[in-house]
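Colleague: Sending over my_file_29.pdb (PDB, C-alpha atoms).
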ATOM      1  CA  MET A   1       0.130  -8.393   6.443
ATOM      2  CA  LYS A   2       3.728  -7.481   7.270
ATOM      3  CA  LEU A   3       5.952  -4.894   5.595
ATOM      4  CA  TYR A   4       9.716  -4.849   5.950
ATOM      5  CA  GLY A   5      11.241  -1.462   5.154
ATOM      6  CA  MET A   6      13.869   1.154   5.826
ATOM      7  CA  GLN A   7      13.272   4.859   6.455
ATOM      8  CA  GLN A   8      12.713   6.872   3.241
ATOM      9  CA  SER A   9      13.709   4.153   0.792
ATOM     10  CA  ARG A  10      11.247   2.816  -1.787
ATOM     11  CA  SER A  11       9.602   0.982   1.087
ATOM     12  CA  PHE A  12       8.212   4.311   2.333
ATOM     13  CA  ARG A  13       5.783   4.435  -0.596
ATOM     14  CA  CYS A  14       4.415   1.051   0.504
ATOM     15  CA  LEU A  15       4.101   2.145   4.125
ATOM     16  CA  TRP A  16       2.297   5.293   2.993
ATOM     17  CA  ALA A  17      -0.099   3.228   0.858
ATOM     18  CA  LEU A  18      -0.857   0.965   3.819
ATOM     19  CA  GLU A  19      -1.725   4.015   5.889
ATOM     20  CA  GLU A  20      -3.982   5.283   3.084
ATOM     21  CA  SER A  21      -5.634   1.867   2.757
ATOM     22  CA  GLY A  22      -6.854   1.355   6.314
ATOM     23  CA  LEU A  23      -5.652  -2.259   6.213
ATOM     24  CA  GLU A  24      -4.176  -3.815   9.341
ATOM     25  CA  TYR A  25      -0.447  -4.448   9.068
ATOM     26  CA  GLU A  26       2.809  -4.813  10.965
ATOM     27  CA  TYR A  27       5.929  -2.821  10.089
ATOM     28  CA  GLU A  28       9.421  -4.270  10.592
ATOM     29  CA  PRO A  29      12.435  -1.911  10.190
ATOM     30  CA  ILE A  30      15.396  -3.379   8.310
ATOM     31  CA  LYS A  31      18.953  -2.018   8.099
ATOM     32  CA  LEU A  32      20.962  -2.094   4.871
ATOM     33  CA  ARG A  33      24.739  -2.430   4.594
ATOM     34  CA  THR A  34      25.109  -3.830   8.122
ATOM     35  CA  ASN A  35      26.663  -6.990   9.563
ATOM     36  CA  GLU A  36      24.780 -10.163   8.698
ATOM     37  CA  ASN A  37      24.867 -11.235  12.331
ATOM     38  CA  GLU A  38      22.600  -8.369  13.359
ATOM     39  CA  PRO A  39      18.994  -9.638  13.568
ATOM     40  CA  ASP A  40      17.585  -6.612  11.699
ATOM     41  CA  SER A  41      20.218  -6.666   8.934
ATOM     42  CA  ALA A  42      19.110  -7.111   5.331
ATOM     43  CA  GLN A  43      21.998  -9.568   5.033
ATOM     44  CA  ASN A  44      20.845 -11.715   7.935
ATOM     45  CA  PRO A  45      20.028 -15.256   6.703
ATOM     46  CA  ASN A  46      16.501 -15.007   8.100
ATOM     47  CA  TYR A  47      15.786 -11.946   5.968
ATOM     48  CA  LEU A  48      17.554 -13.323   2.897
ATOM     49  CA  ALA A  49      15.238 -16.313   3.147
ATOM     50  CA  ILE A  50      12.300 -14.041   2.263
ATOM     51  CA  ASN A  51      14.146 -11.540   0.017
ATOM     52  CA  ILE A  52      17.177 -13.076  -1.655
ATOM     53  CA  GLN A  53      18.345  -9.648  -2.885
ATOM     54  CA  GLY A  54      18.752  -8.351   0.655
ATOM     55  CA  LYS A  55      16.787  -5.219  -0.199
ATOM     56  CA  VAL A  56      13.593  -3.481   0.888
ATOM     57  CA  PRO A  57      10.653  -3.453   0.631
ATOM     58  CA  THR A  58       9.288  -6.918   1.312
ATOM     59  CA  LEU A  59       5.595  -7.531   1.925
ATOM     60  CA  ILE A  60       4.219 -10.798   3.280
ATOM     61  CA  ASP A  61       0.475 -11.304   3.046
ATOM     62  CA  ASP A  62      -1.224 -14.622   3.808
ATOM     63  CA  GLY A  63       1.798 -16.686   2.776
ATOM     64  CA  MET A  64       2.555 -14.622  -0.349
ATOM     65  CA  THR A  65       5.788 -12.599  -0.603
ATOM     66  CA  LEU A  66       6.257  -9.513  -2.800
ATOM     67  CA  THR A  67       9.557  -7.649  -3.143
ATOM     68  CA  GLU A  68       8.904  -4.961  -5.772
ATOM     69  CA  SER A  69       7.490  -1.697  -4.474
ATOM     70  CA  PHE A  70       4.948  -1.052  -7.209
ATOM     71  CA  ALA A  71       3.668  -4.622  -7.132
ATOM     72  CA  ILE A  72       3.155  -4.050  -3.416
ATOM     73  CA  LEU A  73       1.314  -0.772  -4.070
ATOM     74  CA  ASN A  74      -0.994  -2.487  -6.541
ATOM     75  CA  HIS A  75      -1.627  -5.364  -4.151
ATOM     76  CA  ILE A  76      -2.520  -2.961  -1.349
ATOM     77  CA  ALA A  77      -4.812  -1.048  -3.718
ATOM     78  CA  ARG A  78      -6.619  -4.225  -4.766
ATOM     79  CA  ARG A  79      -6.981  -5.357  -1.150
ATOM     80  CA  ALA A  80      -8.520  -1.994  -0.257
ATOM     81  CA  PRO A  81     -10.587  -0.903  -3.288
ATOM     82  CA  ALA A  82     -12.465   1.733  -1.289
ATOM     83  CA  SER A  83      -9.183   3.620  -0.786
ATOM     84  CA  GLY A  84      -9.194   4.716  -4.439
ATOM     85  CA  LEU A  85      -5.477   4.035  -4.731
ATOM     86  CA  ARG A  86      -6.077   2.346  -8.093
ATOM     87  CA  PRO A  87      -8.828   2.963 -10.673
ATOM     88  CA  ALA A  88     -11.420   0.247 -10.299
ATOM     89  CA  GLU A  89     -13.207  -0.356 -13.603
ATOM     90  CA  ASP A  90     -12.603   2.451 -16.092
ATOM     91  CA  VAL A  91     -10.413   0.891 -18.805
ATOM     92  CA  LYS A  92      -8.991   4.227 -19.955
ATOM     93  CA  LEU A  93      -8.145   5.372 -16.425
ATOM     94  CA  ILE A  94      -6.432   2.052 -15.726
ATOM     95  CA  ALA A  95      -4.412   2.486 -18.925
ATOM     96  CA  LYS A  96      -3.298   5.977 -17.855
ATOM     97  CA  TYR A  97      -2.494   4.627 -14.395
ATOM     98  CA  ASP A  98      -0.267   1.959 -15.948
ATOM     99  CA  GLU A  99       1.365   4.489 -18.278
ATOM    100  CA  MET A 100       2.206   6.871 -15.440
ATOM    101  CA  ALA A 101       3.549   4.050 -13.264
ATOM    102  CA  CYS A 102       5.864   2.900 -16.057
ATOM    103  CA  PHE A 103       7.015   6.472 -16.658
ATOM    104  CA  VAL A 104       7.846   7.194 -13.029
ATOM    105  CA  LEU A 105       9.660   3.894 -12.517
ATOM    106  CA  THR A 106      11.626   3.815 -15.779
ATOM    107  CA  GLU A 107      12.186   7.477 -16.642
ATOM    108  CA  LEU A 108      11.813   9.754 -13.619
ATOM    109  CA  GLU A 109      13.262   7.470 -10.965
ATOM    110  CA  GLN A 110      16.039   5.911 -13.035
ATOM    111  CA  PRO A 111      18.495   8.859 -12.936
ATOM    112  CA  LEU A 112      18.004   9.148  -9.165
ATOM    113  CA  TRP A 113      19.051   5.568  -8.591
ATOM    114  CA  SER A 114      21.906   6.001 -11.069
ATOM    115  CA  LYS A 115      23.226   8.836  -8.918
ATOM    116  CA  GLY A 116      22.718   6.793  -5.759
ATOM    117  CA  LYS A 117      24.586   3.820  -7.170
ATOM    118  CA  HIS A 118      27.518   5.904  -8.372
ATOM    119  CA  THR A 119      27.856   7.923  -5.152
ATOM    120  CA  PHE A 120      27.348   5.350  -2.373
ATOM    121  CA  ALA A 121      25.614   2.093  -3.283
ATOM    122  CA  LEU A 122      28.149   0.463  -5.607
ATOM    123  CA  PRO A 123      31.625  -0.613  -4.468
ATOM    124  CA  GLU A 124      33.915   2.400  -4.901
ATOM    125  CA  GLU A 125      35.901   0.785  -7.705
ATOM    126  CA  GLN A 126      32.670   0.338  -9.720
ATOM    127  CA  ARG A 127      31.523   3.965  -9.491
ATOM    128  CA  ILE A 128      31.733   6.268 -12.515
ATOM    129  CA  PRO A 129      31.779   9.944 -11.420
ATOM    130  CA  GLU A 130      31.019  11.108 -14.979
ATOM    131  CA  MET A 131      27.671   9.322 -14.691
ATOM    132  CA  LEU A 132      26.397  12.092 -12.431
ATOM    133  CA  GLU A 133      26.183  14.601 -15.297
ATOM    134  CA  THR A 134      24.289  12.042 -17.356
ATOM    135  CA  ALA A 135      21.855  11.527 -14.477
ATOM    136  CA  ASN A 136      21.157  15.272 -14.296
ATOM    137  CA  PHE A 137      20.557  15.343 -18.069
ATOM    138  CA  GLU A 138      18.185  12.377 -17.925
ATOM    139  CA  PHE A 139      16.253  13.806 -14.978
ATOM    140  CA  ALA A 140      15.736  17.138 -16.755
ATOM    141  CA  LYS A 141      14.512  15.271 -19.839
ATOM    142  CA  ALA A 142      12.053  13.265 -17.727
ATOM    143  CA  ILE A 143      10.758  16.466 -16.118
ATOM    144  CA  ARG A 144       9.956  17.921 -19.543
ATOM    145  CA  ALA A 145       7.972  14.800 -20.403
ATOM    146  CA  LEU A 146       6.152  14.881 -17.064
ATOM    147  CA  ASP A 147       5.124  18.494 -17.694
ATOM    148  CA  HIS A 148       3.255  17.211 -20.735
ATOM    149  CA  LEU A 149       1.829  14.100 -19.073
ATOM    150  CA  ILE A 150       0.169  15.789 -16.102
ATOM    151  CA  ASP A 151      -0.078  19.348 -17.475
ATOM    152  CA  GLY A 152      -0.310  21.064 -14.098
ATOM    153  CA  SER A 153      -3.093  18.813 -12.762
ATOM    154  CA  LYS A 154      -3.480  18.498  -9.004
ATOM    155  CA  PHE A 155      -3.515  14.693  -9.264
ATOM    156  CA  ALA A 156      -1.795  12.355 -11.696
ATOM    157  CA  ILE A 157      -4.922  10.378 -12.626
ATOM    158  CA  ALA A 158      -8.295  12.045 -13.237
ATOM    159  CA  ASN A 159      -9.236  14.182 -10.237
ATOM    160  CA  SER A 160      -8.420  12.007  -7.241
ATOM    161  CA  PHE A 161      -5.448  10.819  -5.227
ATOM    162  CA  SER A 162      -3.963   7.478  -6.279
ATOM    163  CA  ALA A 163      -0.876   5.326  -5.852
ATOM    164  CA  ILE A 164       0.686   7.281  -8.739
ATOM    165  CA  ASP A 165       0.630  10.396  -6.574
ATOM    166  CA  ILE A 166       2.466   8.441  -3.884
ATOM    167  CA  LEU A 167       5.056   7.414  -6.483
ATOM    168  CA  LEU A 168       5.491  10.972  -7.725
ATOM    169  CA  ALA A 169       5.691  12.584  -4.284
ATOM    170  CA  GLN A 170       8.160  10.034  -2.923
ATOM    171  CA  THR A 171      10.285  10.225  -6.085
ATOM    172  CA  PHE A 172      10.461  14.016  -5.909
ATOM    173  CA  ASN A 173      11.319  13.822  -2.228
ATOM    174  CA  TRP A 174      14.169  11.531  -3.239
ATOM    175  CA  ALA A 175      15.237  13.970  -5.986
ATOM    176  CA  ILE A 176      15.284  16.887  -3.534
ATOM    177  CA  ARG A 177      17.360  14.891  -1.031
ATOM    178  CA  PHE A 178      19.785  13.947  -3.836
ATOM    179  CA  GLN A 179      20.090  17.630  -4.812
ATOM    180  CA  PHE A 180      18.620  17.440  -8.309
ATOM    181  CA  ASP A 181      17.220  20.615  -9.871
ATOM    182  CA  VAL A 182      13.530  20.112  -9.047
ATOM    183  CA  PRO A 183      11.105  22.746 -10.414
ATOM    184  CA  GLN A 184       9.041  24.545  -7.770
ATOM    185  CA  ILE A 185       5.796  23.055  -9.093
ATOM    186  CA  TYR A 186       7.035  19.583  -8.182
ATOM    187  CA  ILE A 187       8.396  20.679  -4.825
ATOM    188  CA  ASP A 188       4.884  21.987  -4.173
ATOM    189  CA  LEU A 189       3.456  18.644  -5.346
ATOM    190  CA  ARG A 190       5.694  16.814  -2.871
ATOM    191  CA  ASP A 191       4.703  19.163  -0.054
ATOM    192  CA  ARG A 192       0.986  18.916  -0.858
ATOM    193  CA  HIS A 193       0.893  15.120  -0.887
ATOM    194  CA  TYR A 194       3.227  14.769   2.095
ATOM    195  CA  SER A 195       0.782  16.902   4.086
ATOM    196  CA  ARG A 196      -1.844  14.147   3.852
ATOM    197  CA  ALA A 197      -2.669  12.536   7.181
ATOM    198  CA  ALA A 198      -1.583   9.075   5.966
ATOM    199  CA  ALA A 199       1.811  10.380   4.818
ATOM    200  CA  LYS A 200       2.346  12.092   8.155
ATOM    201  CA  ARG A 201       1.524   8.879  10.001
ATOM    202  CA  ALA A 202       3.970   6.935   7.820
ATOM    203  CA  LEU A 203       6.692   9.508   8.487
ATOM    204  CA  GLU A 204       6.109   9.208  12.214
ATOM    205  CA  ILE A 205       6.509   5.423  11.997
ATOM    206  CA  ILE A 206       9.913   5.609  10.312
ATOM    207  CA  GLY A 207      11.031   8.388  12.670
TER     208      GLY A 207
END
Written as structure tokens, how would this file's structure read?

Modeller:
Amino acid sequence: MKLYGMQQSRSFRCLWALEESGLEYEYEPIKLRTNENEPDSAQNPNYLAINIQGKVPTLIDDGMTLTESFAILNHIARRAPASGLRPAEDVKLIAKYDEMACFVLTELEQPLWSKGKHTFALPEEQRIPEMLETANFEFAKAIRALDHLIDGSKFAIANSFSAIDILLAQTFNWAIRFQFDVPQIYIDLRDRHYSRAAAKRALEIIG
């Protein structure tokens, strides 16, 4: 199993999950927005051959390639069921797991990436500065919904750590770095989950 990633991008959540899983893997750092002639560039033809978007993460496992971070998290969880990263059999817990994953990816994370696109990722002529106020509004709205969904629980699903907690912690770390107004309860959530041994190991790997 081989993971291609870059620092604290979405690929970090996959690296963290691999460390939680106990599976054997290889990690390959990739650089974004660099010259295609550099061997570790996301625009290098060799990398584009496995991820046509020139993005991270990319996971290769036994001839299969995955390029979406949550699909990778789920694959890792299924490959390592003893890790508890994904509910195993309880239909209701699996439904809540799916609901929370959809919420984080479509509601909580979306304004963060909107801000990223309109501050550095898009070509300058495509950026809309007014979008930043909208992103702040949407993030605050998502926070109010999250308050209801987890209601102060230590973990997102039932009473144990799962891939949803990785999603939440990494997303709030992103929000803090992007200078969103993050309530203290979610800063504490980030700090609590980032103090796990697997998260610390993943942070050491990316430097």

Colleague: Any idea what the distance is between CA of Ile50 (chain A) and CA of Ile166 (chain A)?

Modeller: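 Interatomic distance, CA of Ile50 (chain A) to CA of Ile166 (chain A): 25.3 Å.
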
Colleague: Determine the nearest neighbour of Asn173 (chain A) from the options A:Arg13, A:Lys55, A:His75, A:Lys2, counting all atoms listed in the file.

Modeller: A:Arg13

Colleague: Written as a list in words, what is the full residue list that the PyMOL selection byres ((chain A and resi 137) around 12) yields on the file shown?

Modeller: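 Residues picked by the PyMOL selection byres ((chain A and resi 137) around 12): Glu107, Leu108, Gln110, Pro111, Leu112, Ser114, Lys115, Glu130, Met131, Leu132, Glu133, Thr134, Ala135, Asn136, Glu138, Phe139, Ala140, Lys141, Ala142, Ile143, Arg144, Phe180 and Asp181 of chain A.
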
Colleague: If you keep C-alpha atoms, can you produce a file of those selected residues as a short mmCIF file (atom, residue, chain, number, x, y, z; two decimals), keeping the file's coordinate frame?

Modeller:
data_model
loop_
_atom_site.label_atom_id
_atom_site.label_comp_id
_atom_site.auth_asym_id
_atom_site.auth_seq_id
_atom_site.Cartn_x
_atom_site.Cartn_y
_atom_site.Cartn_z
CA GLU A 107 12.19 7.48 -16.64
CA LEU A 108 11.81 9.75 -13.62
CA GLN A 110 16.04 5.91 -13.04
CA PRO A 111 18.50 8.86 -12.94
CA LEU A 112 18.00 9.15 -9.16
CA SER A 114 21.91 6.00 -11.07
CA LYS A 115 23.23 8.84 -8.92
CA GLU A 130 31.02 11.11 -14.98
CA MET A 131 27.67 9.32 -14.69
CA LEU A 132 26.40 12.09 -12.43
CA GLU A 133 26.18 14.60 -15.30
CA THR A 134 24.29 12.04 -17.36
CA ALA A 135 21.86 11.53 -14.48
CA ASN A 136 21.16 15.27 -14.30
CA GLU A 138 18.18 12.38 -17.92
CA PHE A 139 16.25 13.81 -14.98
CA ALA A 140 15.74 17.14 -16.76
CA LYS A 141 14.51 15.27 -19.84
CA ALA A 142 12.05 13.26 -17.73
CA ILE A 143 10.76 16.47 -16.12
CA ARG A 144 9.96 17.92 -19.54
CA PHE A 180 18.62 17.44 -8.31
CA ASP A 181 17.22 20.62 -9.87
#

Colleague: Which residues would end up in the selection if the PyMOL selection byres ((chain A and resi 84) around 10) were applied here, given that I need the answer as a list in words?

Modeller: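 That expression, the PyMOL selection byres ((chain A and resi 84) around 10), corresponds here to Glu20, Ser21, Ala77, Arg78, Ala80, Pro81, Ala82, Ser83, Leu85, Arg86, Pro87, Ala88, Ser160, Phe161, Ser162 and Ala163 of chain A.
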
Colleague: If I take CA of Phe178 (chain A) and CA of Thr119 (chain A), how far is one from the other in Å, to one decimal?

Modeller: 10.2 Å

Colleague: Ranking A:Leu149, A:Leu48, A:Leu105, A:Leu3 by minimum distance to Glu28 (chain A) and counting only C-alpha atoms, which one comes first?

Modeller: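 Answer, going by the shortest atom-to-atom distance: A:Leu3.
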
Colleague: Between A:Asp40, A:Ala17, A:Val182, A:Trp174, which one has atoms that come closest to Arg79 (chain A), using all atoms listed in the file?

Modeller: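 Counting all atoms listed in the file, the residue closest to Arg79 (chain A) is A:Ala17.
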
Colleague: For Tyr27 (chain A), which residue out of A:Ile205, A:Ile157, A:Leu66, A:Ala169 is the nearest one, using all atoms listed in the file?

Modeller: A:Ile205

Colleague: Selection in question (the file shown): the PyMOL selection byres ((chain A and resi 101) around 12). Which residues does it include, as a ChimeraX atom specification?

Modeller: /A:69-71,73-74,86,94-100,102-109,146,149,156-157,162-168,171

Colleague: Could you jot down the CA of Cys14 (chain A) to CA of Gly63 (chain A) separation for me, Å, one decimal place?

Modeller: 18.1 Å

Colleague: Taking all atoms of region 57-75 of chain A that appear in the file, build a box with edges along x, y and z, extend it by 6 Å on every side, and state its centre and edge lengths in Å to one decimal, as JSON.

Modeller:
{"center_x": 4.5, "center_y": -8.7, "center_z": -1.7, "size_x": 24.3, "size_y": 27.9, "size_z": 23.0}

Colleague: Which of these residues is nearest to Pro29 (chain A), using all atoms listed in the file: A:Leu15, A:Ser41, A:Thr67, A:Met6?

Modeller: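 Smallest separation from Pro29 (chain A) among the options: A:Met6.
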
Colleague: Using only C-alpha atoms, which residue out of A:Ile30, A:Arg127, A:Ser153, A:Val91 lies closest to Asn46 (chain A)?

Modeller: A:Ile30
